[in-house]
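This is entry.pdb (PDB, C-alpha atoms).
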ATOM      1  CA  THR A 247      37.879  -5.867   7.261  1.00  0.00           C
ATOM      2  CA  SER A 248      41.037  -3.790   7.030  1.00  0.00           C
ATOM      3  CA  GLY A 249      44.150  -5.713   8.034  1.00  0.00           C
ATOM      4  CA  THR A 250      42.442  -9.104   7.889  1.00  0.00           C
ATOM      5  CA  THR A 251      43.947 -11.877   5.795  1.00  0.00           C
ATOM      6  CA  ILE A 252      41.561 -14.043   3.768  1.00  0.00           C
ATOM      7  CA  SER A 253      42.113 -16.937   1.396  1.00  0.00           C
ATOM      8  CA  SER A 254      41.802 -16.704  -2.373  1.00  0.00           C
ATOM      9  CA  SER A 255      38.664 -18.847  -2.253  1.00  0.00           C
ATOM     10  CA  GLU A 256      37.072 -16.435   0.232  1.00  0.00           C
ATOM     11  CA  MET A 257      38.054 -13.513  -1.969  1.00  0.00           C
ATOM     12  CA  ASN A 258      36.555 -15.218  -5.017  1.00  0.00           C
ATOM     13  CA  ALA A 259      33.356 -15.943  -3.085  1.00  0.00           C
ATOM     14  CA  ASN A 260      33.094 -12.266  -2.183  1.00  0.00           C
ATOM     15  CA  PHE A 261      33.543 -11.180  -5.794  1.00  0.00           C
ATOM     16  CA  THR A 262      31.009 -13.793  -6.920  1.00  0.00           C
ATOM     17  CA  ALA A 263      28.447 -12.466  -4.441  1.00  0.00           C
ATOM     18  CA  VAL A 264      28.983  -8.919  -5.730  1.00  0.00           C
ATOM     19  CA  LYS A 265      28.697 -10.085  -9.348  1.00  0.00           C
ATOM     20  CA  ASN A 266      25.449 -11.937  -8.623  1.00  0.00           C
ATOM     21  CA  ALA A 267      23.978  -8.876  -6.908  1.00  0.00           C
ATOM     22  CA  VAL A 268      24.915  -6.635  -9.854  1.00  0.00           C
ATOM     23  CA  ASP A 269      23.541  -9.150 -12.369  1.00  0.00           C
ATOM     24  CA  ASN A 270      20.293  -9.391 -10.407  1.00  0.00           C
ATOM     25  CA  ASN A 271      19.955  -5.614 -10.358  1.00  0.00           C
ATOM     26  CA  ASP A 272      20.663  -5.460 -14.086  1.00  0.00           C
ATOM     27  CA  SER A 273      17.884  -7.956 -14.737  1.00  0.00           C
ATOM     28  CA  ARG A 274      15.410  -5.893 -12.713  1.00  0.00           C
ATOM     29  CA  ILE A 275      16.367  -2.725 -14.592  1.00  0.00           C
ATOM     30  CA  THR A 276      16.006  -4.541 -17.915  1.00  0.00           C
ATOM     31  CA  ALA A 277      12.557  -5.763 -16.892  1.00  0.00           C
ATOM     32  CA  LEU A 278      11.466  -2.247 -15.970  1.00  0.00           C
ATOM     33  CA  GLU A 279      12.863  -0.783 -19.180  1.00  0.00           C
ATOM     34  CA  SER A 280      11.049  -3.411 -21.238  1.00  0.00           C
ATOM     35  CA  GLY A 281       7.751  -2.551 -19.560  1.00  0.00           C
ATOM     36  CA  THR A 282       7.481  -5.846 -17.712  1.00  0.00           C
ATOM     37  CA  CYS A 283       5.891  -5.790 -14.261  1.00  0.00           C
ATOM     38  CA  PRO A 284       5.830  -8.576 -11.664  1.00  0.00           C
ATOM     39  CA  SER A 285       2.915 -10.999 -12.037  1.00  0.00           C
ATOM     40  CA  ASP A 286       1.034  -9.409  -9.122  1.00  0.00           C
ATOM     41  CA  MET A 287       1.267  -5.928 -10.685  1.00  0.00           C
ATOM     42  CA  VAL A 288       0.192  -4.330 -13.966  1.00  0.00           C
ATOM     43  CA  ARG A 289       1.790  -1.664 -16.119  1.00  0.00           C
ATOM     44  CA  VAL A 290       0.120   1.748 -15.867  1.00  0.00           C
ATOM     45  CA  GLY A 291       2.005   4.314 -17.918  1.00  0.00           C
ATOM     46  CA  PRO A 292       5.575   4.464 -16.558  1.00  0.00           C
ATOM     47  CA  ILE A 293       4.869   2.586 -13.298  1.00  0.00           C
ATOM     48  CA  CYS A 294       3.801  -0.819 -12.017  1.00  0.00           C
ATOM     49  CA  VAL A 295       0.643  -0.878  -9.856  1.00  0.00           C
ATOM     50  CA  ASP A 296      -0.601  -3.680  -7.624  1.00  0.00           C
ATOM     51  CA  LYS A 297      -3.309  -5.615  -9.454  1.00  0.00           C
ATOM     52  CA  TYR A 298      -5.184  -6.258  -6.210  1.00  0.00           C
ATOM     53  CA  GLU A 299      -5.887  -4.195  -3.114  1.00  0.00           C
ATOM     54  CA  ALA A 300      -3.164  -4.755  -0.546  1.00  0.00           C
ATOM     55  CA  SER A 301      -3.354  -7.334   2.187  1.00  0.00           C
ATOM     56  CA  VAL A 302      -0.845  -6.947   5.023  1.00  0.00           C
ATOM     57  CA  TRP A 303       1.127  -9.942   6.272  1.00  0.00           C
ATOM     58  CA  SER A 304       3.835 -10.915   8.724  1.00  0.00           C
ATOM     59  CA  SER A 305       5.944 -12.206   5.793  1.00  0.00           C
ATOM     60  CA  ALA A 306       6.768 -10.506   2.506  1.00  0.00           C
ATOM     61  CA  ASP A 307       5.590 -13.542   0.538  1.00  0.00           C
ATOM     62  CA  GLY A 308       2.029 -13.210   1.837  1.00  0.00           C
ATOM     63  CA  THR A 309       2.202 -16.049   4.350  1.00  0.00           C
ATOM     64  CA  GLY A 310       1.967 -16.137   8.112  1.00  0.00           C
ATOM     65  CA  THR A 311      -0.386 -13.770   9.934  1.00  0.00           C
ATOM     66  CA  GLN A 312      -2.625 -11.346   8.070  1.00  0.00           C
ATOM     67  CA  TYR A 313      -3.190  -8.024   9.781  1.00  0.00           C
ATOM     68  CA  GLY A 314      -6.137  -5.655   9.339  1.00  0.00           C
ATOM     69  CA  ASP A 315      -8.561  -8.274   8.040  1.00  0.00           C
ATOM     70  CA  ALA A 316     -11.240  -7.860  10.683  1.00  0.00           C
ATOM     71  CA  ALA A 317      -9.650  -5.583  13.292  1.00  0.00           C
ATOM     72  CA  ASP A 318      -6.973  -2.972  13.956  1.00  0.00           C
ATOM     73  CA  ASP A 319      -4.363  -5.478  15.104  1.00  0.00           C
ATOM     74  CA  TYR A 320      -1.197  -3.962  13.634  1.00  0.00           C
ATOM     75  CA  ALA A 321       0.233  -3.340  17.109  1.00  0.00           C
ATOM     76  CA  SER A 322       0.666  -7.115  17.444  1.00  0.00           C
ATOM     77  CA  ALA A 323       3.179  -7.064  14.572  1.00  0.00           C
ATOM     78  CA  GLY A 324       6.639  -7.181  16.106  1.00  0.00           C
ATOM     79  CA  GLU A 325       5.271  -7.005  19.624  1.00  0.00           C
ATOM     80  CA  SER A 326       7.878  -7.645  22.291  1.00  0.00           C
ATOM     81  CA  SER A 327       7.941 -10.944  24.163  1.00  0.00           C
ATOM     82  CA  ASP A 328       6.691  -9.295  27.348  1.00  0.00           C
ATOM     83  CA  GLY A 329       3.533  -8.115  25.571  1.00  0.00           C
ATOM     84  CA  ALA A 330       4.303  -4.443  26.081  1.00  0.00           C
ATOM     85  CA  GLY A 331       2.438  -3.540  22.898  1.00  0.00           C
ATOM     86  CA  ASP A 332       5.336  -1.873  21.129  1.00  0.00           C
ATOM     87  CA  GLY A 333       4.449  -3.255  17.699  1.00  0.00           C
ATOM     88  CA  CYS A 334       3.474  -1.252  14.612  1.00  0.00           C
ATOM     89  CA  GLN A 335       2.044   2.056  15.785  1.00  0.00           C
ATOM     90  CA  ASP A 336      -0.523   4.375  14.161  1.00  0.00           C
ATOM     91  CA  ASN A 337       2.221   6.924  13.420  1.00  0.00           C
ATOM     92  CA  GLY A 338       4.268   4.355  11.498  1.00  0.00           C
ATOM     93  CA  GLU A 339       6.840   3.751  14.221  1.00  0.00           C
ATOM     94  CA  ASN A 340       8.147   0.184  14.656  1.00  0.00           C
ATOM     95  CA  CYS A 341       6.334  -0.941  11.498  1.00  0.00           C
ATOM     96  CA  ASN A 342       9.230  -2.967  10.078  1.00  0.00           C
ATOM     97  CA  ALA A 343       7.386  -6.294  10.401  1.00  0.00           C
ATOM     98  CA  ILE A 344       4.341  -5.627   8.187  1.00  0.00           C
ATOM     99  CA  PHE A 345       4.416  -6.334   4.453  1.00  0.00           C
ATOM    100  CA  ALA A 346       1.964  -5.238   1.765  1.00  0.00           C
ATOM    101  CA  VAL A 347       1.096  -8.000  -0.701  1.00  0.00           C
ATOM    102  CA  SER A 348      -0.981  -7.930  -3.896  1.00  0.00           C
ATOM    103  CA  LYS A 349      -2.720 -11.271  -3.456  1.00  0.00           C
ATOM    104  CA  ALA A 350      -5.866 -12.858  -4.872  1.00  0.00           C
ATOM    105  CA  GLY A 351      -8.385 -14.766  -2.784  1.00  0.00           C
ATOM    106  CA  VAL A 352      -8.023 -12.912   0.525  1.00  0.00           C
ATOM    107  CA  ASN A 353      -9.755  -9.928   2.049  1.00  0.00           C
ATOM    108  CA  PRO A 354      -7.919  -6.637   1.600  1.00  0.00           C
ATOM    109  CA  SER A 355      -6.454  -5.249   4.803  1.00  0.00           C
ATOM    110  CA  SER A 356      -8.043  -2.124   6.249  1.00  0.00           C
ATOM    111  CA  TYR A 357      -8.203  -0.452   9.679  1.00  0.00           C
ATOM    112  CA  ILE A 358      -4.839   0.962   8.637  1.00  0.00           C
ATOM    113  CA  THR A 359      -3.463   4.476   8.974  1.00  0.00           C
ATOM    114  CA  TRP A 360      -1.711   6.337   6.166  1.00  0.00           C
ATOM    115  CA  PHE A 361       1.583   5.974   8.062  1.00  0.00           C
ATOM    116  CA  GLN A 362       1.211   2.220   8.452  1.00  0.00           C
ATOM    117  CA  ALA A 363       0.195   1.767   4.807  1.00  0.00           C
ATOM    118  CA  GLN A 364       3.209   3.725   3.619  1.00  0.00           C
ATOM    119  CA  GLN A 365       5.549   1.562   5.712  1.00  0.00           C
ATOM    120  CA  ALA A 366       3.913  -1.685   4.579  1.00  0.00           C
ATOM    121  CA  CYS A 367       4.602  -0.656   0.960  1.00  0.00           C
ATOM    122  CA  ALA A 368       8.146   0.491   1.764  1.00  0.00           C
ATOM    123  CA  ASN A 369       8.961  -2.827   3.437  1.00  0.00           C
ATOM    124  CA  VAL A 370       8.484  -4.616   0.096  1.00  0.00           C
ATOM    125  CA  GLY A 371      10.297  -2.018  -2.005  1.00  0.00           C
ATOM    126  CA  LYS A 372       7.144  -0.215  -3.127  1.00  0.00           C
ATOM    127  CA  ARG A 373       5.274   2.980  -2.259  1.00  0.00           C
ATOM    128  CA  LEU A 374       1.785   4.475  -2.182  1.00  0.00           C
ATOM    129  CA  LEU A 375       0.460   5.791  -5.499  1.00  0.00           C
ATOM    130  CA  THR A 376       0.229   9.545  -5.866  1.00  0.00           C
ATOM    131  CA  ASN A 377      -3.251  10.944  -6.342  1.00  0.00           C
ATOM    132  CA  ALA A 378      -2.564  11.494 -10.045  1.00  0.00           C
ATOM    133  CA  GLU A 379      -1.206   7.959 -10.453  1.00  0.00           C
ATOM    134  CA  TRP A 380      -4.246   6.503  -8.717  1.00  0.00           C
ATOM    135  CA  GLN A 381      -6.537   8.361 -11.125  1.00  0.00           C
ATOM    136  CA  MET A 382      -4.473   7.095 -14.058  1.00  0.00           C
ATOM    137  CA  ALA A 383      -4.731   3.508 -12.803  1.00  0.00           C
ATOM    138  CA  ALA A 384      -8.495   3.819 -12.222  1.00  0.00           C
ATOM    139  CA  ALA A 385      -9.298   5.137 -15.714  1.00  0.00           C
ATOM    140  CA  GLY A 386     -11.778   2.928 -17.536  1.00  0.00           C
ATOM    141  CA  THR A 387     -13.355   1.469 -14.387  1.00  0.00           C
ATOM    142  CA  ILE A 388     -16.544   3.451 -14.979  1.00  0.00           C
ATOM    143  CA  GLN A 389     -17.346   1.181 -17.923  1.00  0.00           C
ATOM    144  CA  ASN A 390     -17.490  -1.760 -15.500  1.00  0.00           C
ATOM    145  CA  ILE A 391     -19.002   0.006 -12.491  1.00  0.00           C
ATOM    146  CA  ALA A 392     -21.980  -2.371 -12.279  1.00  0.00           C
ATOM    147  CA  ASN A 393     -19.530  -5.121 -11.313  1.00  0.00           C
ATOM    148  CA  CYS A 394     -18.007  -3.230  -8.381  1.00  0.00           C
ATOM    149  CA  ASN A 395     -18.721  -3.927  -4.705  1.00  0.00           C
ATOM    150  CA  ARG A 396     -20.258  -0.573  -3.737  1.00  0.00           C
ATOM    151  CA  THR A 397     -23.464  -1.241  -1.778  1.00  0.00           C
ATOM    152  CA  SER A 398     -23.112  -4.691  -0.179  1.00  0.00           C
ATOM    153  CA  ASN A 399     -21.974  -3.268   3.175  1.00  0.00           C
ATOM    154  CA  ALA A 400     -19.469  -6.121   3.381  1.00  0.00           C
ATOM    155  CA  VAL A 401     -15.892  -6.478   2.231  1.00  0.00           C
ATOM    156  CA  ALA A 402     -15.166  -9.078  -0.451  1.00  0.00           C
ATOM    157  CA  ALA A 403     -11.996 -10.925  -1.429  1.00  0.00           C
ATOM    158  CA  THR A 404      -9.516  -9.031  -3.564  1.00  0.00           C
ATOM    159  CA  ASP A 405     -10.472 -10.995  -6.693  1.00  0.00           C
ATOM    160  CA  ALA A 406     -14.186 -11.474  -5.961  1.00  0.00           C
ATOM    161  CA  ASN A 407     -15.110  -8.570  -8.229  1.00  0.00           C
ATOM    162  CA  ALA A 408     -12.539  -9.198 -10.943  1.00  0.00           C
ATOM    163  CA  SER A 409     -14.848  -7.581 -13.527  1.00  0.00           C
ATOM    164  CA  CYS A 410     -14.584  -4.308 -11.603  1.00  0.00           C
ATOM    165  CA  VAL A 411     -11.440  -3.556 -13.560  1.00  0.00           C
ATOM    166  CA  SER A 412      -9.761  -0.522 -15.084  1.00  0.00           C
ATOM    167  CA  ALA A 413      -8.521  -0.228 -18.648  1.00  0.00           C
ATOM    168  CA  ALA A 414      -5.015  -1.092 -17.422  1.00  0.00           C
ATOM    169  CA  GLY A 415      -6.215  -4.215 -15.595  1.00  0.00           C
ATOM    170  CA  VAL A 416      -6.256  -2.897 -12.006  1.00  0.00           C
ATOM    171  CA  ILE A 417      -9.051  -4.493  -9.971  1.00  0.00           C
ATOM    172  CA  ASN A 418     -11.414  -2.814  -7.485  1.00  0.00           C
ATOM    173  CA  MET A 419     -10.410   0.809  -7.934  1.00  0.00           C
ATOM    174  CA  ALA A 420     -14.029   1.925  -7.396  1.00  0.00           C
ATOM    175  CA  GLY A 421     -15.317  -0.558  -4.854  1.00  0.00           C
ATOM    176  CA  ASN A 422     -14.587  -2.896  -1.953  1.00  0.00           C
ATOM    177  CA  VAL A 423     -12.236  -0.679   0.118  1.00  0.00           C
ATOM    178  CA  GLN A 424     -11.233   2.922  -0.422  1.00  0.00           C
ATOM    179  CA  GLU A 425      -7.506   3.512  -0.813  1.00  0.00           C
ATOM    180  CA  TRP A 426      -4.929   5.796   0.738  1.00  0.00           C
ATOM    181  CA  VAL A 427      -2.767   7.696  -1.750  1.00  0.00           C
ATOM    182  CA  ALA A 428       0.552   9.409  -1.088  1.00  0.00           C
ATOM    183  CA  ASP A 429      -0.695  13.012  -1.183  1.00  0.00           C
ATOM    184  CA  TRP A 430      -1.747  15.174   1.730  1.00  0.00           C
ATOM    185  CA  ALA A 431      -4.001  18.226   1.562  1.00  0.00           C
ATOM    186  CA  GLY A 432      -4.727  21.241   3.733  1.00  0.00           C
ATOM    187  CA  TRP A 433      -7.945  21.439   5.723  1.00  0.00           C
ATOM    188  CA  THR A 434      -9.079  24.205   8.073  1.00  0.00           C
ATOM    189  CA  ALA A 435      -8.619  23.128  11.673  1.00  0.00           C
ATOM    190  CA  ALA A 436      -7.232  24.394  14.950  1.00  0.00           C
ATOM    191  CA  SER A 437      -4.422  21.961  15.636  1.00  0.00           C
ATOM    192  CA  GLY A 438      -2.167  19.285  14.263  1.00  0.00           C
ATOM    193  CA  PHE A 439      -2.169  15.550  14.913  1.00  0.00           C
ATOM    194  CA  GLY A 440      -0.117  13.444  17.291  1.00  0.00           C
ATOM    195  CA  ASP A 441       3.138  15.200  18.124  1.00  0.00           C
ATOM    196  CA  ASP A 442       3.377  16.858  14.701  1.00  0.00           C
ATOM    197  CA  ALA A 443       1.636  20.197  15.149  1.00  0.00           C
ATOM    198  CA  ASP A 444       0.935  22.499  12.230  1.00  0.00           C
ATOM    199  CA  SER A 445       1.649  26.105  13.200  1.00  0.00           C
ATOM    200  CA  SER A 446      -0.802  27.522  10.669  1.00  0.00           C
ATOM    201  CA  THR A 447      -4.600  27.467  10.838  1.00  0.00           C
ATOM    202  CA  THR A 448      -4.631  24.573   8.394  1.00  0.00           C
ATOM    203  CA  GLN A 449      -4.391  20.944   9.456  1.00  0.00           C
ATOM    204  CA  LEU A 450      -2.838  18.495   7.031  1.00  0.00           C
ATOM    205  CA  LYS A 451      -5.121  15.683   5.914  1.00  0.00           C
ATOM    206  CA  ALA A 452      -4.207  12.526   4.025  1.00  0.00           C
ATOM    207  CA  ILE A 453      -6.178  11.659   0.897  1.00  0.00           C
ATOM    208  CA  TYR A 454      -7.968   8.432   0.136  1.00  0.00           C
ATOM    209  CA  ARG A 455      -9.767   7.608  -3.096  1.00  0.00           C
ATOM    210  CA  GLY A 456     -12.480   5.448  -4.637  1.00  0.00           C
ATOM    211  CA  GLY A 457     -15.866   4.163  -3.569  1.00  0.00           C
ATOM    212  CA  GLY A 458     -16.038   1.465  -0.901  1.00  0.00           C
ATOM    213  CA  TYR A 459     -18.388  -1.406  -0.160  1.00  0.00           C
ATOM    214  CA  SER A 460     -20.768   0.940   1.669  1.00  0.00           C
ATOM    215  CA  GLY A 461     -20.652   3.801  -0.849  1.00  0.00           C
ATOM    216  CA  PRO A 462     -20.645   6.586  -1.712  1.00  0.00           C
ATOM    217  CA  THR A 463     -22.071   5.681  -5.094  1.00  0.00           C
ATOM    218  CA  SER A 464     -22.544   9.154  -6.539  1.00  0.00           C
ATOM    219  CA  ASN A 465     -18.928   9.414  -7.669  1.00  0.00           C
ATOM    220  CA  ILE A 466     -16.894   6.272  -8.225  1.00  0.00           C
ATOM    221  CA  PHE A 467     -13.642   8.223  -8.081  1.00  0.00           C
ATOM    222  CA  THR A 468     -14.436   9.771  -4.691  1.00  0.00           C
ATOM    223  CA  TYR A 469     -11.766  12.118  -3.327  1.00  0.00           C
ATOM    224  CA  ILE A 470     -11.738  12.379   0.470  1.00  0.00           C
ATOM    225  CA  ALA A 471      -9.372  14.712   2.316  1.00  0.00           C
ATOM    226  CA  THR A 472     -11.069  15.140   5.682  1.00  0.00           C
ATOM    227  CA  GLN A 473      -9.031  12.785   7.866  1.00  0.00           C
ATOM    228  CA  VAL A 474      -5.610  13.042   9.468  1.00  0.00           C
ATOM    229  CA  PRO A 475      -2.935  10.501   8.411  1.00  0.00           C
ATOM    230  CA  SER A 476      -3.356   8.676  11.728  1.00  0.00           C
ATOM    231  CA  PHE A 477      -7.023   7.918  10.912  1.00  0.00           C
ATOM    232  CA  SER A 478      -8.130   4.343  10.234  1.00  0.00           C
ATOM    233  CA  HIS A 479     -11.434   2.759   9.301  1.00  0.00           C
ATOM    234  CA  ALA A 480     -12.855  -0.612   8.277  1.00  0.00           C
ATOM    235  CA  VAL A 481     -13.522   0.624   4.728  1.00  0.00           C
ATOM    236  CA  VAL A 482     -10.133   2.304   4.101  1.00  0.00           C
ATOM    237  CA  GLY A 483      -7.286   0.229   2.695  1.00  0.00           C
ATOM    238  CA  PHE A 484      -4.575   0.854   0.096  1.00  0.00           C
ATOM    239  CA  ARG A 485      -2.458  -0.573  -2.718  1.00  0.00           C
ATOM    240  CA  CYS A 486       1.157  -0.040  -3.728  1.00  0.00           C
ATOM    241  CA  ALA A 487       3.138   0.927  -6.815  1.00  0.00           C
ATOM    242  CA  LYS A 488       6.734   1.097  -7.933  1.00  0.00           C
TER     243      LYS A 488
END

Take the structure from the file and write it as structure tokens.
Amino acid sequence: TSGTTISSSEMNANFTAVKNAVDNNDSRITALESGTCPSDMVRVGPICVDKYEASVWSSADGTGTQYGDAADDYASAGESSDGAGDGCQDNGENCNAIFAVSKAGVNPSSYITWFQAQQACANVGKRLLTNAEWQMAAAGTIQNIANCNRTSNAVAATDANASCVSAAGVINMAGNVQEWVADWAGWTAASGFGDDADSSTTQLKAIYRGGGYSGPTSNIFTYIATQVPSFSHAVVGFRCAK
């Protein structure tokens, strides 16, 4: 800090830390420019997309407690010691302790709102796909639709239907769980949601895509824009991109 005297070794350590951070950032930029994505993601056009549907964990490395596997238990993430229930809320508040992970061999997390999904992606330096990006990542899945989990009425592990794959190598875009995307749409309604009221006669709805394990089967690239962003359901999950 200003006015504080430090030794030359401390100064050198500070410069070394800065150099290492810059070098690390340079390596990430080089990897992106070369088209290389992390091992748990695949290249889709100009972006990297999670290979598997997201599972949500208490640690960014996909260890610890998984949330949203069989219940809406996100409020237990970061809950205070007195059990006041101030953990991750449906509106995305206090959701700094949930982490989206693209991981094989586990059930995808669901029962999650759009707000919570967005924060889980953000906490690992990613984001939700836009609607257009989701469609781009799903292209080619129709050729493998017979391999997708669409009518079992039960969720499967993220890699259980590995042959339900898009041309880019993204798994389960048309089965298992449906997926929130970043976009919202207008829908005729009388009021807003939560504390965020819409003054017009249109209520904003968040979009989720793709067929789930209980259908619908008529259109594998199902587009649904009938639910508010605070909605959650057992068949609605998400994946991230960057």

Original post:
In Å, with one decimal, what is the gap from CA of Gly432 in chain A to CA of Cys367 in chain A?
Top reply: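 CA of Cys367 in chain A lies at a distance of 24.0 Å from CA of Gly432 in chain A.
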
Original post:
With all atoms listed in the file as the atoms that count, which of A:Glu256, A:Asp269, A:Glu379, A:Asp318 lies nearest to Asp336 in chain A?
Top reply: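 Among the listed residues, A:Asp318 lies closest to Asp336 in chain A.
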
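Note that the spacing between CA of Val347 in chain A and CA of Thr472 in chain A amounts to 26.9 Å.
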
Original post:
Which polymer residues have any atom within 7 Å of an atom of Phe361 in chain A, counting only C-alpha atoms, with same-chain residues fewer than 4 positions away left out, as a PyMOL selection string?
Top reply: chain A and resi 336-338+365+475-476

Original post:
How many Å separate CA of Gln312 in chain A from CA of Ala346 in chain A?
Top reply: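 A separation of 9.9 Å between them.
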
**OP:** Using the chain letters and residue numbers of this document, give as a VMD selection string the residues selected by the PyMOL selection byres ((chain A and resi 371) around 10).
**Re:** chain A and resid 345 to 346 365 to 370 372 to 373 486 to 488

**OP:** I would like the residues chosen by the PyMOL selection byres ((chain A and resi 352) around 12) on the shown file; could you give them as a PyMOL selection string?
**Re:** chain A and resi 298-303+308-309+312-316+347-351+353-355+401-406

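When all atoms listed in the file are used to measure the gap to Gln389 in chain A, the shortest distance among A:Ala413, A:Val288, A:Val482, A:Leu374 belongs to A:Ala413.
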
**OP:** Could you state which residues are captured by the PyMOL selection byres ((chain A and resi 383) around 7) in this file, as a PyMOL selection string?
**Re:** chain A and resi 290+379-382+384-385+412+414+416

Could those selected residues go to a file with C-alpha atoms, as a PDB file, keeping the file's coordinate frame?
ATOM      1  CA  VAL A 290       0.120   1.748 -15.867  1.00  0.00           C
ATOM      2  CA  GLU A 379      -1.206   7.959 -10.453  1.00  0.00           C
ATOM      3  CA  TRP A 380      -4.246   6.503  -8.717  1.00  0.00           C
ATOM      4  CA  GLN A 381      -6.537   8.361 -11.125  1.00  0.00           C
ATOM      5  CA  MET A 382      -4.473   7.095 -14.058  1.00  0.00           C
ATOM      6  CA  ALA A 384      -8.495   3.819 -12.222  1.00  0.00           C
ATOM      7  CA  ALA A 385      -9.298   5.137 -15.714  1.00  0.00           C
ATOM      8  CA  SER A 412      -9.761  -0.522 -15.084  1.00  0.00           C
ATOM      9  CA  ALA A 414      -5.015  -1.092 -17.422  1.00  0.00           C
ATOM     10  CA  VAL A 416      -6.256  -2.897 -12.006  1.00  0.00           C
TER      11      VAL A 416
END
